[in-house]
$ cat work.cif   # mmCIF, C-alpha atoms and all ligand atoms
data_model
#
loop_
_atom_site.label_atom_id
_atom_site.label_comp_id
_atom_site.auth_asym_id
_atom_site.auth_seq_id
_atom_site.Cartn_x
_atom_site.Cartn_y
_atom_site.Cartn_z
CA MET A 194 0.81 23.07 -8.81
CA GLY A 195 -2.65 24.43 -8.10
CA SER A 196 -4.04 25.74 -4.91
CA SER A 197 -7.23 24.31 -3.47
CA PRO A 198 -10.32 26.46 -3.27
CA ALA A 199 -11.47 28.06 -0.05
CA ARG A 200 -13.36 25.51 2.01
CA THR A 201 -16.92 26.61 2.08
CA HIS A 202 -18.31 23.07 2.29
CA SER A 203 -17.73 20.51 4.94
CA PRO A 204 -15.43 17.86 3.48
CA VAL A 205 -18.03 15.21 4.19
CA GLU A 206 -20.87 16.91 2.40
CA PRO A 207 -21.63 15.50 -0.97
CA HIS A 208 -19.67 17.73 -3.26
CA PRO A 209 -21.50 19.22 -6.24
CA ALA A 210 -18.82 17.90 -8.57
CA ALA A 211 -20.26 15.02 -10.53
CA SER A 212 -17.65 12.38 -9.97
CA LEU A 213 -15.15 11.25 -7.43
CA CYS A 214 -12.29 12.37 -9.64
CA GLU A 215 -13.76 15.80 -10.24
CA ALA A 216 -14.28 16.36 -6.55
CA GLU A 217 -10.70 15.42 -5.89
CA ARG A 218 -9.39 17.55 -8.68
CA ALA A 219 -11.21 20.45 -7.11
CA GLY A 220 -9.12 19.84 -4.01
CA TRP A 221 -11.72 18.16 -1.85
CA HIS A 222 -11.46 15.10 0.26
CA LEU A 223 -12.38 11.96 -1.53
CA GLY A 224 -16.05 11.94 -2.35
CA THR A 225 -17.30 10.89 1.02
CA PRO A 226 -20.48 9.35 -0.38
CA HIS A 227 -18.20 6.73 -1.90
CA CYS A 228 -16.45 6.15 1.37
CA VAL A 229 -18.59 6.58 4.44
CA PRO A 230 -21.81 8.44 4.93
CA ALA A 231 -21.58 11.08 7.63
CA PRO A 232 -24.32 10.44 10.16
CA ALA A 233 -27.18 12.91 10.08
CA SER A 234 -26.39 13.74 13.69
CA ALA A 235 -22.80 14.70 12.93
CA PRO A 236 -21.71 18.21 13.85
CA GLY A 237 -22.69 20.57 11.11
CA GLY A 238 -26.04 18.91 10.53
CA PRO A 239 -26.91 16.22 8.02
CA GLY A 240 -23.79 15.22 6.17
CA GLY A 241 -21.81 17.54 8.42
CA ARG A 242 -18.26 17.16 9.68
CA HIS A 243 -17.70 13.74 11.11
CA PRO A 244 -15.29 13.82 14.04
CA ALA A 245 -13.50 10.70 12.86
CA HIS A 246 -13.26 11.51 9.20
CA PRO A 247 -11.99 8.53 7.24
CA LEU A 248 -9.69 10.62 5.11
CA ASP A 249 -7.59 12.77 7.30
CA GLU A 250 -7.74 16.50 6.72
CA SER A 251 -4.03 16.99 7.21
CA THR A 252 -3.48 15.09 3.98
CA TRP A 253 -4.91 17.77 1.75
CA ALA A 254 -5.57 20.80 3.87
CA HIS A 255 -2.41 22.76 3.24
CA GLY A 256 -3.81 25.21 0.73
CA GLN A 257 -2.09 23.40 -2.08
CA ARG A 258 -2.03 19.87 -3.21
CA PRO A 259 0.99 18.19 -1.69
CA TRP A 260 1.89 16.35 -4.87
CA PRO A 261 3.25 18.75 -7.43
CA ASP A 262 3.07 16.54 -10.48
CA GLY A 263 -0.09 14.53 -10.12
CA GLY A 264 1.63 11.76 -8.19
CA VAL A 265 4.10 10.76 -10.89
CA VAL A 266 7.38 9.74 -9.35
CA ARG A 267 8.84 8.86 -12.69
CA GLY A 268 8.26 6.09 -15.10
CA ARG A 269 8.86 5.33 -18.73
CA SER A 270 5.25 4.75 -19.51
CA ASP A 271 2.29 5.36 -17.34
CA ARG A 272 -0.01 3.00 -19.16
CA GLY A 273 -0.68 -0.21 -17.27
CA ARG A 274 2.10 0.56 -14.83
CA ARG A 275 0.20 2.39 -12.15
CA ILE A 276 0.81 1.07 -8.68
CA ALA A 277 -0.31 1.93 -5.17
CA VAL A 278 1.46 1.19 -1.90
CA LEU A 279 -0.56 0.44 1.23
CA CYS A 280 1.32 0.81 4.53
CA SER A 281 0.84 1.02 8.26
CA GLY A 282 4.40 1.59 9.44
CA GLN A 283 7.62 3.42 8.83
CA GLY A 284 7.65 2.78 5.10
CA THR A 285 11.22 1.70 4.42
CA ASN A 286 9.92 -0.60 1.68
CA LEU A 287 7.93 2.28 0.25
CA GLN A 288 11.15 4.28 0.22
CA ALA A 289 12.92 1.46 -1.61
CA ILE A 290 10.15 1.44 -4.22
CA ILE A 291 10.39 5.21 -4.65
CA ASN A 292 14.17 4.99 -4.98
CA ALA A 293 13.94 2.15 -7.49
CA ILE A 294 11.52 4.15 -9.64
CA ARG A 295 13.80 7.16 -9.45
CA ARG A 296 16.79 5.11 -10.49
CA GLY A 297 14.81 3.63 -13.38
CA VAL A 298 15.21 0.10 -11.99
CA LEU A 299 11.46 -0.13 -11.55
CA GLN A 300 9.37 1.24 -14.37
CA ALA A 301 6.22 2.17 -12.53
CA HIS A 302 4.01 5.10 -11.79
CA LEU A 303 3.39 5.33 -8.06
CA ALA A 304 -0.08 6.83 -8.11
CA ILE A 305 -0.94 6.90 -4.41
CA VAL A 306 0.28 5.83 -0.98
CA ILE A 307 -2.48 4.89 1.44
CA ALA A 308 -2.03 4.38 5.17
CA ASP A 309 -4.47 3.14 7.77
CA ARG A 310 -2.54 4.88 10.57
CA LYS A 311 -2.19 8.60 10.80
CA GLU A 312 1.29 8.28 12.33
CA ALA A 313 2.58 5.96 9.61
CA GLY A 314 6.06 7.14 8.68
CA ALA A 315 5.26 6.16 5.11
CA LEU A 316 3.02 9.22 4.69
CA PRO A 317 5.70 11.90 5.12
CA ARG A 318 8.09 9.83 3.03
CA ALA A 319 5.58 9.84 0.19
CA ARG A 320 4.78 13.52 0.56
CA ARG A 321 8.46 14.41 0.47
CA ALA A 322 8.69 12.51 -2.80
CA GLY A 323 5.74 14.44 -4.21
CA ILE A 324 3.39 11.47 -4.21
CA GLU A 325 -0.27 11.69 -3.37
CA THR A 326 -1.14 10.30 0.05
CA ALA A 327 -4.31 9.35 1.88
CA PHE A 328 -4.86 8.36 5.46
CA VAL A 329 -7.97 6.22 5.55
CA ASN A 330 -9.09 5.75 9.12
CA PRO A 331 -10.58 2.28 9.60
CA GLN A 332 -12.24 3.37 12.86
CA ALA A 333 -14.45 5.75 10.91
CA PHE A 334 -16.15 2.96 8.99
CA PRO A 335 -18.94 0.79 10.30
CA HIS A 336 -17.34 -2.40 8.97
CA ARG A 337 -14.47 -3.72 6.91
CA ALA A 338 -16.47 -3.78 3.69
CA ALA A 339 -17.07 -0.04 3.89
CA PHE A 340 -13.39 0.62 4.63
CA GLU A 341 -12.40 -1.51 1.65
CA ARG A 342 -14.93 0.21 -0.61
CA CYS A 343 -13.15 3.45 0.18
CA LEU A 344 -9.77 1.89 -0.67
CA ILE A 345 -11.18 0.56 -3.93
CA ALA A 346 -12.62 3.96 -4.82
CA LEU A 347 -9.21 5.56 -4.26
CA LEU A 348 -7.44 2.91 -6.31
CA ASP A 349 -9.98 2.81 -9.14
CA ALA A 350 -10.03 6.58 -9.49
CA ARG A 351 -6.29 6.41 -10.15
CA GLN A 352 -6.52 3.37 -12.41
CA VAL A 353 -4.14 1.46 -10.19
CA ARG A 354 -3.20 -1.87 -11.68
CA VAL A 355 -0.95 -3.38 -9.01
CA VAL A 356 -1.46 -2.95 -5.28
CA CYS A 357 1.65 -3.38 -3.13
CA LEU A 358 1.20 -4.13 0.54
CA ALA A 359 4.24 -2.96 2.46
CA GLY A 360 3.70 -3.53 6.14
CA PHE A 361 -0.07 -3.00 5.81
CA MET A 362 -1.36 -4.47 9.06
CA ARG A 363 -4.85 -5.36 7.89
CA ILE A 364 -6.31 -8.49 6.48
CA LEU A 365 -8.04 -7.78 3.20
CA SER A 366 -11.28 -9.59 2.50
CA PRO A 367 -11.68 -12.13 -0.31
CA GLY A 368 -13.90 -9.54 -2.03
CA PHE A 369 -11.07 -7.00 -2.10
CA VAL A 370 -8.61 -9.62 -3.32
CA ARG A 371 -10.97 -10.66 -6.15
CA ARG A 372 -11.16 -7.04 -7.22
CA PHE A 373 -7.43 -7.12 -8.11
CA PRO A 374 -6.89 -10.72 -9.20
CA ARG A 375 -3.20 -11.70 -9.00
CA ARG A 376 -2.41 -8.01 -8.83
CA ILE A 377 -1.87 -7.61 -5.10
CA LEU A 378 1.63 -8.22 -3.77
CA ASN A 379 2.78 -8.60 -0.20
CA ILE A 380 6.22 -8.75 1.38
CA HIS A 381 6.84 -10.91 4.42
CA PRO A 382 9.98 -11.14 6.60
CA ALA A 383 10.29 -14.95 6.61
CA LEU A 384 10.51 -17.84 4.20
CA LEU A 385 6.83 -18.68 3.86
CA PRO A 386 5.17 -20.98 4.67
CA ALA A 387 7.38 -20.74 7.78
CA PHE A 388 6.44 -18.08 10.30
CA PRO A 389 3.39 -16.40 8.80
CA GLY A 390 1.70 -13.60 10.73
CA ALA A 391 2.76 -10.40 12.41
CA HIS A 392 5.73 -11.66 14.49
CA ALA A 393 7.74 -13.61 11.96
CA ILE A 394 11.17 -12.31 12.99
CA ARG A 395 10.70 -12.92 16.72
CA GLN A 396 9.24 -16.36 16.06
CA ALA A 397 12.14 -17.40 13.82
CA LEU A 398 14.63 -16.38 16.53
CA ARG A 399 12.69 -18.09 19.34
CA TRP A 400 12.34 -21.23 17.27
CA GLY A 401 16.10 -21.36 16.92
CA ALA A 402 15.90 -21.32 13.12
CA LYS A 403 19.29 -21.11 11.44
CA VAL A 404 17.87 -19.63 8.26
CA THR A 405 15.00 -17.28 7.61
CA GLY A 406 14.46 -14.83 4.78
CA VAL A 407 12.13 -12.70 2.72
CA THR A 408 9.13 -13.68 0.63
CA VAL A 409 7.27 -11.58 -1.90
CA HIS A 410 4.02 -13.26 -2.84
CA LEU A 411 0.74 -12.67 -4.59
CA VAL A 412 -2.09 -12.15 -2.15
CA ASP A 413 -4.93 -14.64 -2.07
CA ASP A 414 -7.76 -14.98 0.40
CA GLN A 415 -5.61 -16.48 3.16
CA VAL A 416 -3.03 -14.62 5.24
CA ASP A 417 0.60 -14.84 4.01
CA HIS A 418 -0.39 -17.64 1.69
CA GLY A 419 -0.51 -16.79 -2.03
CA PRO A 420 1.89 -17.95 -4.78
CA ILE A 421 5.49 -16.95 -4.17
CA VAL A 422 7.02 -14.55 -6.69
CA LEU A 423 10.48 -14.14 -5.13
CA GLN A 424 12.13 -15.51 -2.06
CA GLU A 425 15.61 -15.12 -0.60
CA ALA A 426 17.23 -16.75 2.40
CA VAL A 427 19.05 -14.94 5.21
CA VAL A 428 21.29 -16.90 7.59
CA ILE A 429 20.62 -16.23 11.27
CA GLY A 430 23.89 -15.62 13.12
CA PRO A 431 24.66 -17.01 16.60
CA ARG A 432 24.39 -13.60 18.27
CA GLU A 433 21.49 -12.34 16.21
CA THR A 434 19.00 -10.00 17.88
CA GLU A 435 15.59 -8.96 16.60
CA ALA A 436 17.04 -5.57 15.68
CA SER A 437 20.03 -6.96 13.80
CA LEU A 438 17.91 -9.52 11.95
CA LEU A 439 15.31 -6.89 11.06
CA HIS A 440 18.07 -4.74 9.64
CA ARG A 441 19.48 -7.57 7.53
CA LEU A 442 16.05 -8.65 6.32
CA HIS A 443 15.19 -5.10 5.37
CA ARG A 444 18.24 -4.88 3.14
CA VAL A 445 17.00 -7.93 1.25
CA GLU A 446 13.39 -6.70 1.20
CA HIS A 447 14.40 -3.37 -0.29
CA ARG A 448 16.11 -5.11 -3.18
CA LEU A 449 13.55 -7.88 -3.72
CA TYR A 450 10.29 -5.95 -3.62
CA PRO A 451 10.98 -3.60 -6.54
CA GLN A 452 12.18 -6.60 -8.58
CA ALA A 453 8.97 -8.51 -7.87
CA ILE A 454 6.79 -5.51 -8.73
CA GLN A 455 8.65 -5.13 -12.01
CA LEU A 456 8.07 -8.80 -12.87
CA VAL A 457 4.34 -8.49 -12.24
CA LEU A 458 4.03 -5.22 -14.16
CA ASP A 459 5.91 -6.76 -17.08
CA GLY A 460 3.45 -9.68 -17.16
CA ARG A 461 6.29 -12.10 -16.53
CA ILE A 462 4.57 -14.05 -13.77
CA ARG A 463 2.26 -16.87 -14.75
CA VAL A 464 0.32 -18.59 -11.99
CA ARG A 465 -0.37 -22.32 -12.12
CA GLY A 466 -2.03 -23.53 -8.97
CA ARG A 467 0.26 -22.54 -6.14
CA ARG A 468 3.19 -21.83 -8.39
CA ALA A 469 4.07 -18.40 -9.71
CA GLU A 470 6.35 -19.14 -12.66
CA ARG A 471 8.55 -16.70 -14.50
CA ARG A 472 7.93 -16.51 -18.21
C1 LIG B 501 8.50 -5.36 6.51
O1 LIG B 501 9.43 -6.02 7.29
C2 LIG B 501 7.63 -6.31 5.76
O2 LIG B 501 8.24 -7.53 5.50
C3 LIG B 501 6.46 -6.53 6.70
O3 LIG B 501 6.27 -5.28 7.32
C4 LIG B 501 7.51 -4.60 7.36
C5 LIG B 501 7.25 -3.22 6.86
O4 LIG B 501 8.35 -2.39 7.07
N1 LIG B 501 5.29 -6.99 5.98
P1 LIG B 501 8.42 -0.96 6.43
O5 LIG B 501 7.20 -0.18 6.92
O6 LIG B 501 8.43 -1.11 4.95
O7 LIG B 501 9.69 -0.37 6.95
#
$ encode --input "work.cif" --output "structure tokens"
Amino acid sequence: MGSSPARTHSPVEPHPAASLCEAERAGWHLGTPHCVPAPASAPGGPGGRHPAHPLDESTWAHGQRPWPDGGVVRGRSDRGRRIAVLCSGQGTNLQAIINAIRRGVLQAHLAIVIADRKEAGALPRARRAGIETAFVNPQAFPHRAAFERCLIALLDARQVRVVCLAGFMRILSPGFVRRFPRRILNIHPALLPAFPGAHAIRQALRWGAKVTGVTVHLVDDQVDHGPIVLQEAVVIGPRETEASLLHRLHRVEHRLYPQAIQLVLDGRIRVRGRRAERR
């Protein structure tokens, strides 16, 4: 566990270290030139401190790196098994992934957890587990492409192979999806193609559906659309509320998502058209 050097540079100034990884190793925020250029008018002069810094200071400004072991949760082999989790919310699926890795049910190396909301409960969960975290503030980027370039820089620098969306409330562009072909997973609280979108549980209840469920699918360039890796039904009871259904769906999600990640990491999913078949 190393301590970061005294901050004599603004975190948005181009760091003298030659590469993104070196700058990070030295304890600096992600090489801002890769992420978002600070406007010349920003406080601190050209390249000075940007008030809405895309990578939040609290992530790394504690005098020591918050991840004691380089982000390794535990895994049999690091090679080709590096994953990232992208979240916006409380992170119960993230927690399930962490727990599955710890139990050895999922052989993966969780390299980084990225959130687009500072308040995302997923961030403290990851930190408590000793995993590297980053808050990437979408508001600090001029457009989605710049935001996504920052995500890609973070993921590439850690050689992430599989990207797991777990309640990440942003639509990723076709360009981002192409960057990780058939290597982005998403979990959705309904039996797709029924009830896509952000309000799947409420919509299933209002529709009067008797059955809903959980879908883990590969991400393509349409929302909640890609080939289905795993799916499991959940019966909706007569007195079901949103809260009770969410709770029951979560229990299924927490079991299904690690299984699906393991299948993808093991190369056991072959895609033919819309079908994701198990080898
Ligand atoms: C889950 O219900 C998932 O299906 C949906 O977003 C929710 C995230 O929950 N995509 P959590 O943050 O993992 O608790």
$ closest_residue --input "work.cif" --among "A:Gly273, A:Gly360, A:Gly297, A:Pro335" --to "ligand LIG 501 (chain B)" --atoms "only C-alpha atoms and all ligand atoms"
A:Gly360
$ atom_distance --input "work.cif" --atom1 "atom C1 of ligand LIG 501 (chain B)" --atom2 "atom CA of Arg272 of chain A"
28.3 Å
$ residues_near_ligand --input "work.cif" --ligand "ligand LIG 501 (chain B)" --cutoff "6 Å" --atoms "all atoms listed in the file" --output "PyMOL selection string"
chain A and resi 282-287+359-360+380-382
$ atom_distance --input "work.cif" --atom1 "atom CA of Val404 of chain A" --atom2 "atom CA of Leu384 of chain A"
8.6 Å
$ axis_aligned_box --input "work.cif" --around "segment 374-386 of chain A" --padding-each-side "6 Å" --output "lines of an AutoDock Vina configuration file"
center_x = 1.8
center_y = -14.3
center_z = -1.3
size_x = 29.4
size_y = 25.4
size_z = 27.8
$ residues_around --input "work.cif" --residues "Arg463 of chain A" --least-positions-apart "6" --cutoff "10 Å" --atoms "only C-alpha atoms" --output "number ranges by chain"
A: 375, 422, 457, 469-472
$ closest_residue --input "work.cif" --among "A:Asp349, A:Glu312, A:Glu425, A:Asp459" --to "Glu446 of chain A" --atoms "all atoms listed in the file"
A:Glu425
$ atom_distance --input "work.cif" --atom1 "atom CA of Val412 of chain A" --atom2 "atom CA of Ala346 of chain A"
19.4 Å
$ residues_around --input "work.cif" --residues "segment 290-292 of chain A" --least-positions-apart "6" --cutoff "12 Å" --atoms "all atoms listed in the file" --output "count of residues only"
39
$ residues_near_point --input "work.cif" --point "(-3.5, -12.0, -5.2)" --cutoff "12 Å" --atoms "only C-alpha atoms" --output "PyMOL selection string"
chain A and resi 355-358+365-379+409-422+457+462+464+467+469
$ write_last_selection --input "work.cif" --atoms "C-alpha atoms" --output "short mmCIF file (atom, residue, chain, number, x, y, z; two decimals), in the frame of the given file"
data_model
loop_
_atom_site.label_atom_id
_atom_site.label_comp_id
_atom_site.auth_asym_id
_atom_site.auth_seq_id
_atom_site.Cartn_x
_atom_site.Cartn_y
_atom_site.Cartn_z
CA VAL A 355 -0.95 -3.38 -9.01
CA VAL A 356 -1.46 -2.95 -5.28
CA CYS A 357 1.65 -3.38 -3.13
CA LEU A 358 1.20 -4.13 0.54
CA LEU A 365 -8.04 -7.78 3.20
CA SER A 366 -11.28 -9.59 2.50
CA PRO A 367 -11.68 -12.13 -0.31
CA GLY A 368 -13.90 -9.54 -2.03
CA PHE A 369 -11.07 -7.00 -2.10
CA VAL A 370 -8.61 -9.62 -3.32
CA ARG A 371 -10.97 -10.66 -6.15
CA ARG A 372 -11.16 -7.04 -7.22
CA PHE A 373 -7.43 -7.12 -8.11
CA PRO A 374 -6.89 -10.72 -9.20
CA ARG A 375 -3.20 -11.70 -9.00
CA ARG A 376 -2.41 -8.01 -8.83
CA ILE A 377 -1.87 -7.61 -5.10
CA LEU A 378 1.63 -8.22 -3.77
CA ASN A 379 2.78 -8.60 -0.20
CA VAL A 409 7.27 -11.58 -1.90
CA HIS A 410 4.02 -13.26 -2.84
CA LEU A 411 0.74 -12.67 -4.59
CA VAL A 412 -2.09 -12.15 -2.15
CA ASP A 413 -4.93 -14.64 -2.07
CA ASP A 414 -7.76 -14.98 0.40
CA GLN A 415 -5.61 -16.48 3.16
CA VAL A 416 -3.03 -14.62 5.24
CA ASP A 417 0.60 -14.84 4.01
CA HIS A 418 -0.39 -17.64 1.69
CA GLY A 419 -0.51 -16.79 -2.03
CA PRO A 420 1.89 -17.95 -4.78
CA ILE A 421 5.49 -16.95 -4.17
CA VAL A 422 7.02 -14.55 -6.69
CA VAL A 457 4.34 -8.49 -12.24
CA ILE A 462 4.57 -14.05 -13.77
CA VAL A 464 0.32 -18.59 -11.99
CA ARG A 467 0.26 -22.54 -6.14
CA ALA A 469 4.07 -18.40 -9.71
#
$ closest_residue --input "work.cif" --among "A:Ala293, A:Val445, A:Ala339, A:Ala397" --to "Leu385 of chain A" --atoms "all atoms listed in the file"
A:Ala397
$ closest_residue --input "work.cif" --among "A:Gln288, A:Ala350, A:Pro317, A:Arg296" --to "Arg275 of chain A" --atoms "all atoms listed in the file"
A:Ala350
$ closest_residue --input "work.cif" --among "A:Pro331, A:Ala402, A:Leu458, A:Arg363" --to "Ala387 of chain A" --atoms "only C-alpha atoms"
A:Ala402
